[in-house]
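Visitor: Dropping in protein.cif, which is mmCIF, C-alpha atoms and all ligand atoms:
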```cif
data_my_file
loop_
_atom_site.label_atom_id
_atom_site.label_comp_id
_atom_site.auth_asym_id
_atom_site.auth_seq_id
_atom_site.Cartn_x
_atom_site.Cartn_y
_atom_site.Cartn_z
CA MET S 51 11.64 -0.01 26.22
CA THR S 52 13.62 -1.86 23.58
CA ALA S 53 15.55 -4.87 24.87
CA PRO S 54 19.34 -4.49 24.70
CA MET S 55 20.88 -6.05 21.63
CA PRO S 56 22.67 -9.36 22.23
CA ALA S 57 26.47 -9.25 21.83
CA ALA S 58 26.27 -11.65 18.91
CA GLY S 59 23.94 -9.22 17.11
CA THR S 60 26.35 -6.33 17.67
CA ALA S 61 29.19 -8.44 16.26
CA ILE S 62 27.21 -9.29 13.13
CA LEU S 63 26.33 -5.64 12.52
CA HIS S 64 29.96 -4.58 13.00
CA LYS S 65 31.06 -7.23 10.55
CA ALA S 66 28.48 -6.05 7.99
CA ALA S 67 29.36 -2.38 8.49
CA SER S 68 33.03 -3.16 7.85
CA GLY S 69 32.06 -4.52 4.45
CA GLU S 70 32.68 -8.16 5.26
CA ARG S 71 30.36 -10.72 3.71
CA LEU S 72 27.79 -12.27 6.06
CA SER S 73 27.13 -16.00 6.12
CA ALA S 74 23.58 -17.34 5.72
CA PRO S 75 23.10 -17.85 9.50
CA GLU S 76 24.35 -14.31 10.10
CA ILE S 77 21.91 -12.91 7.53
CA GLU S 78 19.07 -14.84 9.12
CA ALA S 79 20.04 -13.45 12.53
CA LEU S 80 19.47 -9.90 11.22
CA TYR S 81 15.69 -10.53 11.21
CA HIS S 82 15.79 -10.76 15.00
CA LEU S 83 17.76 -7.55 15.62
CA PRO S 84 16.21 -4.11 16.22
CA LEU S 85 15.30 -2.54 12.88
CA PRO S 86 16.85 0.91 13.58
CA GLU S 87 20.26 -0.72 14.11
CA VAL S 88 19.96 -2.86 10.99
CA ALA S 89 18.75 0.14 8.97
CA ALA S 90 21.67 2.28 10.15
CA VAL S 91 24.16 -0.28 8.81
CA ALA S 92 22.18 -0.69 5.57
CA HIS S 93 22.21 3.07 5.02
CA GLU S 94 25.93 3.29 5.76
CA LEU S 95 26.59 0.58 3.16
CA ARG S 96 24.30 2.31 0.64
CA LEU S 97 26.30 5.54 1.09
CA ALA S 98 29.56 3.65 0.62
CA ARG S 99 28.51 1.56 -2.40
CA THR S 100 26.67 4.19 -4.46
CA ARG S 101 26.91 7.95 -4.95
CA PRO S 102 25.87 9.09 -1.48
CA ASP S 103 24.17 12.34 -2.47
CA VAL S 104 22.19 10.96 -5.41
CA VAL S 105 18.90 9.10 -5.84
CA THR S 106 18.23 7.83 -9.34
CA PHE S 107 15.17 6.86 -11.35
CA LEU S 108 14.30 5.87 -14.90
CA ILE S 109 11.74 7.35 -17.29
CA ASP S 110 10.12 4.32 -18.84
CA ARG S 111 6.82 2.64 -19.58
CA ASN S 112 5.48 -0.74 -18.64
CA ILE S 113 3.62 -2.36 -21.48
CA ASN S 114 1.73 -5.60 -20.86
CA TYR S 115 1.21 -6.88 -24.39
CA THR S 116 -1.30 -9.56 -23.34
CA ASN S 117 -3.17 -10.44 -20.15
CA ILE S 118 -4.05 -13.93 -21.36
CA CYS S 119 -2.10 -16.46 -19.34
CA ASN S 120 -2.28 -20.20 -18.77
CA VAL S 121 0.00 -20.31 -15.71
CA GLY S 122 -2.74 -19.14 -13.36
CA CYS S 123 -0.70 -18.06 -10.33
CA ASN S 124 -2.83 -17.87 -7.19
CA PHE S 125 -1.40 -14.44 -6.36
CA CYS S 126 -2.15 -12.83 -9.72
CA ALA S 127 -5.14 -10.56 -10.34
CA PHE S 128 -3.85 -9.43 -13.71
CA TYR S 129 -4.26 -12.51 -15.86
CA ARG S 130 -7.36 -13.60 -17.77
CA THR S 131 -8.32 -16.72 -19.65
CA ARG S 132 -8.84 -16.47 -23.39
CA ARG S 133 -12.64 -16.61 -22.99
CA GLN S 134 -12.99 -13.78 -20.46
CA PRO S 135 -14.47 -10.64 -22.01
CA ASP S 136 -11.70 -8.34 -20.79
CA SER S 137 -8.85 -10.50 -22.05
CA TYR S 138 -6.64 -8.79 -24.62
CA THR S 139 -3.56 -9.02 -26.81
CA LEU S 140 -2.24 -5.70 -28.09
CA THR S 141 -1.54 -5.13 -31.76
CA TYR S 142 1.82 -3.77 -32.83
CA GLU S 143 0.13 -0.45 -33.61
CA GLN S 144 -1.37 -0.20 -30.13
CA ILE S 145 2.03 -0.88 -28.62
CA SER S 146 3.64 1.65 -30.91
CA ALA S 147 1.13 4.32 -29.83
CA LYS S 148 2.09 3.73 -26.20
CA ILE S 149 5.78 4.06 -27.03
CA THR S 150 5.12 7.31 -28.87
CA GLU S 151 3.62 8.68 -25.64
CA LEU S 152 6.72 7.54 -23.76
CA GLU S 153 9.00 9.26 -26.27
CA ALA S 154 7.02 12.47 -25.82
CA ALA S 155 7.67 12.22 -22.07
CA GLY S 156 11.43 11.84 -22.64
CA GLY S 157 11.49 8.12 -21.88
CA THR S 158 14.19 5.76 -23.06
CA ARG S 159 13.03 2.22 -22.38
CA ILE S 160 10.03 -0.04 -22.26
CA LEU S 161 9.46 -2.95 -19.92
CA LEU S 162 7.49 -5.30 -22.12
CA GLN S 163 5.90 -8.24 -20.36
CA GLY S 164 2.79 -10.32 -20.62
CA GLY S 165 1.04 -13.40 -19.55
CA VAL S 166 1.91 -16.76 -21.07
CA ASN S 167 -0.51 -16.70 -23.98
CA PRO S 168 -0.51 -20.08 -25.78
CA ALA S 169 -2.12 -18.55 -28.88
CA LEU S 170 0.98 -16.50 -29.70
CA GLY S 171 3.57 -17.90 -32.08
CA LEU S 172 7.27 -17.09 -32.09
CA GLU S 173 6.65 -14.69 -34.97
CA TYR S 174 4.44 -12.50 -32.74
CA TYR S 175 7.42 -11.91 -30.43
CA THR S 176 10.11 -11.47 -33.07
CA GLY S 177 7.82 -9.37 -35.26
CA LEU S 178 7.01 -7.14 -32.29
CA LEU S 179 10.66 -6.59 -31.39
CA ARG S 180 11.52 -5.77 -35.02
CA HIS S 181 8.55 -3.44 -35.32
CA ILE S 182 9.57 -1.52 -32.21
CA LYS S 183 13.22 -1.22 -33.26
CA ALA S 184 12.20 0.02 -36.71
CA ARG S 185 9.64 2.54 -35.47
CA HIS S 186 11.35 3.60 -32.24
CA PRO S 187 15.11 3.18 -32.72
CA GLY S 188 15.96 5.21 -29.60
CA ILE S 189 13.98 2.99 -27.27
CA ARG S 190 15.59 0.20 -25.34
CA ILE S 191 13.54 -2.99 -25.04
CA ASP S 192 13.76 -4.92 -21.78
CA ALA S 193 11.26 -7.67 -22.32
CA PHE S 194 9.87 -11.04 -21.24
CA SER S 195 10.36 -12.73 -17.90
CA PRO S 196 12.01 -16.13 -17.44
CA GLU S 197 8.45 -17.54 -17.35
CA GLU S 198 7.76 -16.32 -20.90
CA VAL S 199 11.15 -17.57 -22.11
CA LEU S 200 10.43 -21.00 -20.60
CA PHE S 201 7.14 -21.03 -22.51
CA MET S 202 8.99 -20.21 -25.76
CA GLU S 203 11.44 -23.06 -25.19
CA ARG S 204 8.65 -25.56 -24.67
CA ALA S 205 6.05 -24.30 -27.13
CA PHE S 206 8.42 -23.70 -30.05
CA GLY S 207 10.74 -26.67 -29.42
CA LEU S 208 13.84 -24.49 -29.21
CA THR S 209 16.85 -24.66 -26.95
CA LEU S 210 17.29 -21.82 -24.50
CA ASP S 211 20.24 -20.50 -26.50
CA ASP S 212 18.16 -20.56 -29.68
CA VAL S 213 15.31 -18.65 -28.01
CA LEU S 214 17.69 -15.99 -26.73
CA SER S 215 19.61 -15.74 -30.03
CA THR S 216 16.34 -15.32 -31.93
CA LEU S 217 15.05 -12.63 -29.57
CA ILE S 218 18.37 -10.76 -29.45
CA GLU S 219 18.61 -10.83 -33.24
CA ALA S 220 15.11 -9.33 -33.40
CA GLY S 221 15.97 -6.50 -31.01
CA LEU S 222 15.83 -7.67 -27.39
CA ASP S 223 18.09 -5.59 -25.11
CA GLY S 224 17.36 -7.05 -21.70
CA LEU S 225 15.51 -9.73 -19.80
CA PRO S 226 13.96 -8.40 -16.58
CA GLY S 227 14.10 -10.74 -13.62
CA ALA S 228 10.40 -10.76 -12.90
CA GLY S 229 8.94 -13.91 -11.42
CA GLY S 230 11.64 -14.26 -8.77
CA GLU S 231 9.24 -13.89 -5.85
CA ILE S 232 10.83 -16.28 -3.32
CA LEU S 233 13.18 -18.65 -5.14
CA GLU S 234 12.35 -21.61 -2.91
CA ASP S 235 10.14 -24.21 -4.55
CA GLU S 236 8.19 -25.05 -1.39
CA VAL S 237 6.93 -21.43 -1.33
CA ARG S 238 6.38 -21.33 -5.09
CA GLN S 239 4.46 -24.60 -5.09
CA ARG S 240 2.01 -23.25 -2.52
CA ALA S 241 1.54 -19.85 -4.17
CA ALA S 242 1.47 -20.95 -7.77
CA PRO S 243 1.71 -24.67 -8.58
CA ALA S 244 2.41 -24.12 -12.30
CA ARG S 245 4.88 -21.25 -11.76
CA ILE S 246 8.42 -21.50 -13.13
CA ARG S 247 10.62 -23.35 -10.66
CA SER S 248 13.66 -21.69 -9.15
CA GLU S 249 16.10 -23.92 -11.06
CA ASP S 250 14.63 -22.80 -14.39
CA TRP S 251 14.54 -19.16 -13.26
CA PHE S 252 18.28 -19.24 -12.53
CA ARG S 253 19.05 -21.28 -15.65
CA ILE S 254 17.38 -18.66 -17.87
CA ILE S 255 18.82 -15.67 -16.00
CA ASP S 256 22.29 -17.22 -16.16
CA ALA S 257 22.01 -17.73 -19.92
CA ALA S 258 20.77 -14.14 -20.37
CA GLN S 259 23.70 -12.79 -18.36
CA ARG S 260 26.10 -14.97 -20.35
CA ARG S 261 24.67 -13.45 -23.55
CA GLY S 262 25.28 -9.92 -22.24
CA LEU S 263 21.63 -9.08 -21.60
CA TYR S 264 20.51 -6.72 -18.86
CA THR S 265 18.86 -8.47 -15.90
CA ILE S 266 17.57 -7.42 -12.52
CA SER S 267 17.07 -9.45 -9.35
CA THR S 268 13.68 -9.41 -7.65
CA MET S 269 11.98 -10.53 -4.46
CA VAL S 270 8.41 -10.54 -3.19
CA ILE S 271 7.66 -11.15 0.50
CA GLY S 272 4.42 -11.99 2.24
CA PHE S 273 3.62 -15.56 1.11
CA GLY S 274 4.19 -16.84 4.65
CA GLU S 275 7.78 -17.77 3.82
CA THR S 276 10.20 -18.27 6.71
CA TYR S 277 13.22 -16.09 7.45
CA ALA S 278 15.39 -19.07 6.45
CA GLN S 279 13.67 -19.15 3.04
CA ARG S 280 14.12 -15.41 2.56
CA THR S 281 17.77 -15.81 3.51
CA ARG S 282 18.29 -18.62 0.99
CA HIS S 283 16.64 -16.47 -1.68
CA LEU S 284 19.14 -13.67 -1.04
CA VAL S 285 22.13 -16.00 -0.82
CA GLN S 286 21.22 -17.63 -4.14
CA LEU S 287 20.98 -14.21 -5.81
CA ARG S 288 24.35 -13.27 -4.34
CA GLU S 289 25.90 -16.51 -5.63
CA GLN S 290 24.48 -15.87 -9.10
CA GLN S 291 25.94 -12.37 -9.01
CA ASP S 292 29.36 -13.75 -8.02
CA ARG S 293 29.14 -16.18 -10.90
CA ALA S 294 28.18 -13.50 -13.43
CA ASN S 295 30.90 -11.18 -12.18
CA ALA S 296 33.50 -13.93 -12.48
CA LEU S 297 32.40 -15.55 -15.76
CA TYR S 298 30.45 -12.95 -17.73
CA GLY S 299 32.65 -9.90 -17.43
CA GLY S 300 30.61 -8.36 -14.65
CA ASN S 301 27.31 -8.65 -16.52
CA GLY S 302 25.31 -9.61 -13.46
CA PHE S 303 22.14 -8.11 -12.07
CA SER S 304 22.02 -4.36 -12.58
CA GLY S 305 19.96 -3.94 -9.45
CA PHE S 306 17.57 -5.46 -6.94
CA ALA S 307 13.84 -4.70 -6.69
CA MET S 308 11.57 -5.93 -3.94
CA TRP S 309 7.93 -5.49 -3.08
CA THR S 310 5.27 -7.00 -0.85
CA LEU S 311 2.63 -9.48 -1.94
CA GLN S 312 -0.71 -7.87 -2.82
CA THR S 313 -3.65 -10.25 -2.70
CA GLU S 314 -6.85 -8.31 -3.46
CA HIS S 315 -8.92 -10.06 -6.13
CA THR S 316 -6.63 -13.09 -5.99
CA ARG S 317 -7.12 -16.63 -4.73
CA LEU S 318 -4.56 -15.97 -2.00
CA HIS S 319 -6.73 -13.26 -0.46
CA GLY S 320 -7.12 -14.05 3.24
CA LYS S 321 -4.76 -17.02 2.92
CA ALA S 322 -1.35 -15.35 2.73
CA PRO S 323 -0.22 -12.93 5.44
CA GLY S 324 1.26 -10.25 3.15
CA ALA S 325 3.80 -7.93 4.76
CA SER S 326 3.58 -4.65 6.67
CA ALA S 327 5.56 -1.48 5.90
CA HIS S 328 7.83 -2.35 8.83
CA GLU S 329 8.52 -5.79 7.37
CA TYR S 330 9.14 -4.27 3.94
CA LEU S 331 11.68 -1.81 5.32
CA GLN S 332 13.33 -4.54 7.39
CA GLN S 333 13.62 -6.80 4.34
CA LEU S 334 15.00 -3.98 2.21
CA ALA S 335 17.68 -3.18 4.80
CA ILE S 336 18.64 -6.84 5.10
CA ALA S 337 18.84 -7.16 1.32
CA ARG S 338 21.21 -4.19 1.18
CA ILE S 339 23.45 -5.85 3.76
CA ALA S 340 23.26 -9.36 2.27
CA LEU S 341 23.66 -8.43 -1.41
CA ASP S 342 27.14 -6.99 -1.07
CA ASN S 343 27.76 -7.44 -4.80
CA VAL S 344 24.59 -5.70 -6.08
CA PRO S 345 25.13 -1.94 -5.79
CA ASN S 346 21.69 -0.66 -6.79
CA ILE S 347 18.68 -1.31 -4.58
CA GLN S 348 15.27 0.02 -5.64
CA ALA S 349 12.46 1.38 -3.50
CA SER S 350 9.01 0.19 -4.55
CA TRP S 351 6.38 2.93 -4.87
CA PRO S 352 3.81 0.70 -6.68
CA GLY S 353 3.76 -1.74 -3.77
CA GLN S 354 4.37 0.63 -0.86
CA GLY S 355 3.16 4.04 -1.94
CA PHE S 356 5.28 7.17 -2.19
CA LYS S 357 5.72 7.74 1.54
CA VAL S 358 7.21 4.35 2.38
CA ALA S 359 9.24 4.47 -0.84
CA GLN S 360 10.72 7.74 0.38
CA ALA S 361 11.51 6.25 3.80
CA SER S 362 13.23 3.37 1.94
CA LEU S 363 15.97 5.82 0.97
CA TYR S 364 17.22 5.51 4.56
CA TYR S 365 16.83 1.71 4.66
CA GLY S 366 19.30 0.82 1.95
CA ALA S 367 17.62 1.99 -1.27
CA ASN S 368 19.41 4.39 -3.64
CA ASP S 369 16.90 4.33 -6.47
CA LEU S 370 13.19 5.03 -6.97
CA GLY S 371 12.60 2.58 -9.79
CA SER S 372 10.85 4.19 -12.71
CA THR S 373 7.85 6.21 -13.84
CA MET S 374 6.22 3.10 -15.39
CA MET S 375 3.33 5.11 -16.89
CA GLU S 376 1.02 2.10 -16.53
CA GLU S 377 1.83 -0.46 -13.88
CA ASN S 378 -0.91 -3.10 -14.23
CA VAL S 379 0.21 -6.19 -12.37
CA VAL S 380 0.91 -5.14 -8.74
CA SER S 381 -1.91 -2.55 -8.83
CA ALA S 382 -4.45 -5.16 -10.04
CA ALA S 383 -3.97 -6.97 -6.72
CA GLY S 384 -4.04 -3.88 -4.50
CA GLY S 385 -0.88 -1.88 -3.99
CA HIS S 386 -1.57 1.81 -3.58
CA GLY S 387 -3.73 2.24 -6.62
CA ARG S 388 -0.93 3.98 -8.49
CA HIS S 389 -0.25 3.00 -12.07
CA LYS S 390 2.41 5.60 -12.69
CA ALA S 391 4.65 8.22 -11.18
CA THR S 392 5.47 11.52 -12.84
CA VAL S 393 9.02 12.80 -13.12
CA ARG S 394 8.01 15.65 -10.84
CA GLU S 395 6.72 13.26 -8.18
CA LEU S 396 9.92 11.22 -8.15
CA ILE S 397 12.03 14.37 -8.03
CA ARG S 398 9.91 15.61 -5.13
CA ILE S 399 10.44 12.35 -3.19
CA ALA S 400 14.22 12.50 -3.66
CA VAL S 401 14.59 16.21 -2.91
CA ASP S 402 12.40 16.17 0.20
CA ALA S 403 14.48 13.27 1.54
CA GLY S 404 17.65 15.35 1.06
CA PHE S 405 19.06 13.82 -2.13
CA THR S 406 19.89 15.05 -5.60
CA PRO S 407 17.65 13.37 -8.19
CA ALA S 408 19.21 11.95 -11.33
CA ILE S 409 17.60 10.31 -14.36
CA ARG S 410 19.30 7.03 -15.27
CA ASN S 411 19.22 4.39 -17.97
CA SER S 412 18.18 0.82 -17.25
CA ARG S 413 21.74 -0.12 -16.30
CA PHE S 414 21.77 2.63 -13.70
CA GLY S 415 24.08 4.96 -15.61
CA ILE S 416 23.14 8.61 -15.05
CA ILE S 417 21.96 10.23 -18.28
CA GLU S 418 20.47 13.51 -17.08
CA TRP S 419 20.42 15.86 -14.12
CA PRO S 420 16.87 17.22 -14.13
CA ASP S 421 16.36 20.91 -13.47
CA VAL S 422 14.92 20.61 -9.97
CA ALA S 423 13.87 24.23 -9.79
CA ALA S 424 11.99 23.98 -13.07
CA TYR S 425 10.14 20.85 -11.95
CA LEU S 426 9.33 21.95 -8.40
CA GLY S 427 9.27 25.71 -8.64
CA ARG S 428 12.32 27.57 -7.35
CA SER S 429 10.82 28.50 -3.99
CA GLU S 430 9.93 24.86 -3.25
CA ALA S 431 13.21 23.29 -4.28
CA ASN S 432 15.65 22.09 -1.65
CA PRO S 433 18.55 24.59 -1.91
CA GLU S 434 21.08 21.87 -1.12
CA ALA S 435 19.80 19.77 -3.97
CA GLU S 436 19.78 22.76 -6.30
CA ARG S 437 23.43 23.44 -5.55
CA ALA S 438 24.32 19.80 -6.11
CA VAL S 439 22.52 19.77 -9.45
CA GLY S 440 24.42 22.88 -10.49
CA ALA S 441 27.74 21.39 -9.44
CA ALA S 442 27.07 18.08 -11.16
CA GLY S 443 25.67 19.56 -14.33
S1 LIG S 501 1.98 -13.73 -12.51
FE1 LIG S 501 2.48 -13.86 -14.70
S2 LIG S 501 2.62 -16.05 -15.08
FE2 LIG S 501 1.47 -15.85 -13.15
S3 LIG S 501 -0.69 -15.79 -13.77
FE3 LIG S 501 0.01 -13.66 -13.65
S4 LIG S 501 0.60 -13.18 -15.75
FE4 LIG S 501 0.52 -15.41 -15.61
#
```
Can you turn what I pasted into structure tokens?

Guide:
Amino acid sequence: MTAPMPAAGTAILHKAASGERLSAPEIEALYHLPLPEVAAVAHELRLARTRPDVVTFLIDRNINYTNICNVGCNFCAFYRTRRQPDSYTLTYEQISAKITELEAAGGTRILLQGGVNPALGLEYYTGLLRHIKARHPGIRIDAFSPEEVLFMERAFGLTLDDVLSTLIEAGLDGLPGAGGEILEDEVRQRAAPARIRSEDWFRIIDAAQRRGLYTISTMVIGFGETYAQRTRHLVQLREQQDRANALYGGNGFSGFAMWTLQTEHTRLHGKAPGASAHEYLQQLAIARIALDNVPNIQASWPGQGFKVAQASLYYGANDLGSTMMEENVVSAAGGHGRHKATVRELIRIAVDAGFTPAIRNSRFGIIEWPDVAAYLGRSEANPEAERAVGAAG
């Protein structure tokens, strides 16, 4: 039998459900409350803050332009040293061929990220962005993590503003917020001594938001971090979002994505606890409650698999992320062995959970209502969803 919830817990959940902002101690207290009660509030807030009947996703492609990296994070199974036989750096033509496949699938953006490859000069990056914009003018380029931008600052002797101006001028549309993990340096130091520090992560994200670039907030749990550290991570993201909303015309994080640490083939294997599906769902629900100024919360199918991702839609998530076409980083360290999701699979997840699927752009604007019946076969489609698609379209 579940123990009755303490009165203080009930008060915190009531406060959250009414839309009031929780303090850091109140957020931390959520980790000790029964998950069904926390999830119910998270779902209520999701319904209130986003279109309640709709689950969105993006048709995109991940492209990892190089796997050579000199940061050497202990949790990374993706990177290689320059001398390893399976290290690579893609040519512009190879990247272009991948984008052509994305265009054929109806995709609209690429997520272009790599390791920190010291052999690449600034002209590789700017030339690549120009090449993509010239060859694929309809494709949006969200590229480079704060870690790669930090490398460009240091290696090319440029100020942060100069790096961003140069990349934007060459065609950069957005700077994904990868590398957030837990933005507490004690955790980062243990997991990856050379990893970008939280101060630099926020400095670079802040500058990107000030320049009008798309960004997303991220979180990875399972390093053995404490609830207090997870809480501080969320509170710092919320503060950054307040700042961007106040100073940069609302150009804050477009969404929040979270997944669990995968350690297969990494130096952290057997040394970090990782996180169960229960912990993932708990963290997602708490993020929905804590991040009252970030409307879009993603479910993570690469980290959790399709079934838990679908359950996430009742734990605060309103979005299924994207098709990815080739996820290489999380899957290299375990995950569920999935490198991609098809449009049909994501539609199926949304419809079976009782939602209307919608295809979005990277800023979460809806750009298409897919024909559910055509994708799933009319007899399989959820009639409620079909009606909603008809009404919306
Ligand atoms: S996570 Fe990124 S920065 Fe760290 S080793 Fe892997 S590729 Fe390099």

Visitor: List as an mmCIF file with C-alpha atoms, in the coordinates of the input the protein and nucleic acid residues near S:Ala155, meaning an atom at most 10 Å away when all atoms listed in the file are counted, but skip any in the same chain fewer than 2 places from it.

Guide:
```
data_model
loop_
_atom_site.group_PDB
_atom_site.id
_atom_site.type_symbol
_atom_site.label_atom_id
_atom_site.label_comp_id
_atom_site.auth_asym_id
_atom_site.auth_seq_id
_atom_site.Cartn_x
_atom_site.Cartn_y
_atom_site.Cartn_z
ATOM 1 C CA ILE S 109 11.740 7.350 -17.290
ATOM 2 C CA ASP S 110 10.120 4.320 -18.840
ATOM 3 C CA ARG S 111 6.820 2.640 -19.580
ATOM 4 C CA ILE S 149 5.780 4.060 -27.030
ATOM 5 C CA THR S 150 5.120 7.310 -28.870
ATOM 6 C CA GLU S 151 3.620 8.680 -25.640
ATOM 7 C CA LEU S 152 6.720 7.540 -23.760
ATOM 8 C CA GLU S 153 9.000 9.260 -26.270
ATOM 9 C CA GLY S 157 11.490 8.120 -21.880
ATOM 10 C CA THR S 158 14.190 5.760 -23.060
ATOM 11 C CA MET S 375 3.330 5.110 -16.890
ATOM 12 C CA THR S 392 5.470 11.520 -12.840
ATOM 13 C CA VAL S 393 9.020 12.800 -13.120
#
```

Visitor: Considering all atoms listed in the file, return as a list in words whatever protein or nucleic-acid residues lie within 9 Å of S:Trp251, sequence-local ones (same chain, fewer than 2 positions apart) excluded.

Guide: Ser195, Pro196, Glu197, Leu200, Gly227, Gly229, Gly230, Leu233, Ile246, Arg247, Ser248, Glu249, Arg253, Ile254, Ile255 and Asp256 of chain S

Visitor: List all protein, DNA and RNA residues that have an atom no more than 7 Å from any atom of ligand LIG 501 (chain S), counting all atoms listed in the file, and report them as a compact mmCIF listing (two decimals) with C-alpha atoms, in the frame of the given file.

Guide:
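See part-v3.txt below for the written result:
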```txt
# COMPACT_ATOMS: atom_id res chain seq x y z
CA ASN S 117 -3.17 -10.44 -20.15
CA CYS S 119 -2.10 -16.46 -19.34
CA ASN S 120 -2.28 -20.20 -18.77
CA VAL S 121 0.00 -20.31 -15.71
CA GLY S 122 -2.74 -19.14 -13.36
CA CYS S 123 -0.70 -18.06 -10.33
CA CYS S 126 -2.15 -12.83 -9.72
CA ALA S 127 -5.14 -10.56 -10.34
CA PHE S 128 -3.85 -9.43 -13.71
CA TYR S 129 -4.26 -12.51 -15.86
CA GLY S 164 2.79 -10.32 -20.62
CA GLY S 165 1.04 -13.40 -19.55
CA VAL S 166 1.91 -16.76 -21.07
CA GLU S 197 8.45 -17.54 -17.35
CA ARG S 245 4.88 -21.25 -11.76
```

Visitor: Might you pull out every residue within 6 Å of stretch 325-334 of chain S, with only C-alpha atoms counted and same-chain residues fewer than 2 positions away left off, and present them as a PyMOL selection string?

Guide: chain S and resi 272+310+336-337

Visitor: Tell me which protein, DNA and RNA residues are within 6 Å of S:Ala193, counting all atoms listed in the file, leaving out same-chain ones fewer than 6 positions away, and put them as a compact mmCIF listing (two decimals) with C-alpha atoms, keeping the file's coordinate frame.

Guide:
```txt
# COMPACT_ATOMS: atom_id res chain seq x y z
CA LEU S 161 9.46 -2.95 -19.92
CA LEU S 162 7.49 -5.30 -22.12
CA GLN S 163 5.90 -8.24 -20.36
CA LEU S 225 15.51 -9.73 -19.80
```

Visitor: Quick one: everything within 7 Å of S:Leu108, counting all atoms listed in the file, minus sequence neighbours fewer than 5 positions away in the same chain. Send it as an MDAnalysis selection string.

Guide: chainID S and resid 371:373 409:412

Visitor: Between atom CA of S:Arg185 and atom CA of S:Leu370, what distance in Å does the model show, to one decimal?

Guide: 28.8 Å

Visitor: Is it possible to get the axis-aligned box enclosing stretch 118-131 of chain S (all listed atoms, 3 Å extra per side) as JSON, with centre and edge lengths in Å rounded to one decimal?

Guide:
```
{"center_x": -4.2, "center_y": -14.9, "center_z": -13.9, "size_x": 14.3, "size_y": 16.9, "size_z": 21.0}
```

Visitor: Provide the atom CA of S:Asp235 to atom CA of S:Thr276 distance in Å, to one decimal place.

Guide: 12.7 Å

Visitor: Here is a test: counting all atoms listed in the file, which residue of S:Phe405, S:Tyr365, S:Tyr298, S:Phe414 is nearest to S:Val91?

Guide: S:Tyr365

Visitor: In Å, how far is it from atom CA of S:Pro345 to atom CA of S:Glu231?

Guide: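 These two atoms are separated by 19.9 Å.
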
Visitor: When distances are computed from all atoms listed in the file, which of S:Ala400, S:Ala169, S:Ile232, S:Ile266 shows the smallest separation from S:Asp103?

Guide: S:Ala400

Visitor: My structure is short of atoms at stretch 206-215 of chain S; please model N, CA, C and O atoms there, returning them as a PDB file, keeping the file's coordinate frame.

Guide:
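result36.pdb, written as the output of this step:
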```
ATOM      1  N   PHE S 206       7.854 -23.783 -28.702  1.00  0.00           N
ATOM      2  CA  PHE S 206       8.420 -23.700 -30.050  1.00  0.00           C
ATOM      3  C   PHE S 206       9.523 -24.740 -30.271  1.00  0.00           C
ATOM      4  O   PHE S 206      10.172 -24.746 -31.331  1.00  0.00           O
ATOM      5  N   GLY S 207       9.766 -25.591 -29.263  1.00  0.00           N
ATOM      6  CA  GLY S 207      10.740 -26.670 -29.420  1.00  0.00           C
ATOM      7  C   GLY S 207      12.149 -26.163 -29.663  1.00  0.00           C
ATOM      8  O   GLY S 207      12.909 -26.762 -30.434  1.00  0.00           O
ATOM      9  N   LEU S 208      12.512 -25.069 -29.013  1.00  0.00           N
ATOM     10  CA  LEU S 208      13.840 -24.490 -29.210  1.00  0.00           C
ATOM     11  C   LEU S 208      14.678 -24.665 -27.949  1.00  0.00           C
ATOM     12  O   LEU S 208      14.137 -24.775 -26.846  1.00  0.00           O
ATOM     13  N   THR S 209      15.986 -24.676 -28.126  1.00  0.00           N
ATOM     14  CA  THR S 209      16.850 -24.660 -26.950  1.00  0.00           C
ATOM     15  C   THR S 209      16.819 -23.243 -26.370  1.00  0.00           C
ATOM     16  O   THR S 209      16.447 -22.277 -27.064  1.00  0.00           O
ATOM     17  N   LEU S 210      17.251 -23.146 -25.124  1.00  0.00           N
ATOM     18  CA  LEU S 210      17.290 -21.820 -24.500  1.00  0.00           C
ATOM     19  C   LEU S 210      18.183 -20.881 -25.306  1.00  0.00           C
ATOM     20  O   LEU S 210      17.836 -19.717 -25.545  1.00  0.00           O
ATOM     21  N   ASP S 211      19.333 -21.362 -25.734  1.00  0.00           N
ATOM     22  CA  ASP S 211      20.240 -20.500 -26.500  1.00  0.00           C
ATOM     23  C   ASP S 211      19.593 -20.043 -27.801  1.00  0.00           C
ATOM     24  O   ASP S 211      19.764 -18.895 -28.231  1.00  0.00           O
ATOM     25  N   ASP S 212      18.833 -20.944 -28.443  1.00  0.00           N
ATOM     26  CA  ASP S 212      18.160 -20.560 -29.680  1.00  0.00           C
ATOM     27  C   ASP S 212      17.082 -19.502 -29.427  1.00  0.00           C
ATOM     28  O   ASP S 212      16.921 -18.561 -30.215  1.00  0.00           O
ATOM     29  N   VAL S 213      16.328 -19.662 -28.327  1.00  0.00           N
ATOM     30  CA  VAL S 213      15.310 -18.650 -28.010  1.00  0.00           C
ATOM     31  C   VAL S 213      15.979 -17.291 -27.825  1.00  0.00           C
ATOM     32  O   VAL S 213      15.567 -16.288 -28.421  1.00  0.00           O
ATOM     33  N   LEU S 214      17.044 -17.272 -27.015  1.00  0.00           N
ATOM     34  CA  LEU S 214      17.690 -15.990 -26.730  1.00  0.00           C
ATOM     35  C   LEU S 214      18.326 -15.398 -27.983  1.00  0.00           C
ATOM     36  O   LEU S 214      18.207 -14.198 -28.250  1.00  0.00           O
ATOM     37  N   SER S 215      18.984 -16.248 -28.788  1.00  0.00           N
ATOM     38  CA  SER S 215      19.610 -15.740 -30.030  1.00  0.00           C
ATOM     39  C   SER S 215      18.546 -15.119 -30.938  1.00  0.00           C
ATOM     40  O   SER S 215      18.754 -14.046 -31.517  1.00  0.00           O
TER      41      SER S 215
END
```
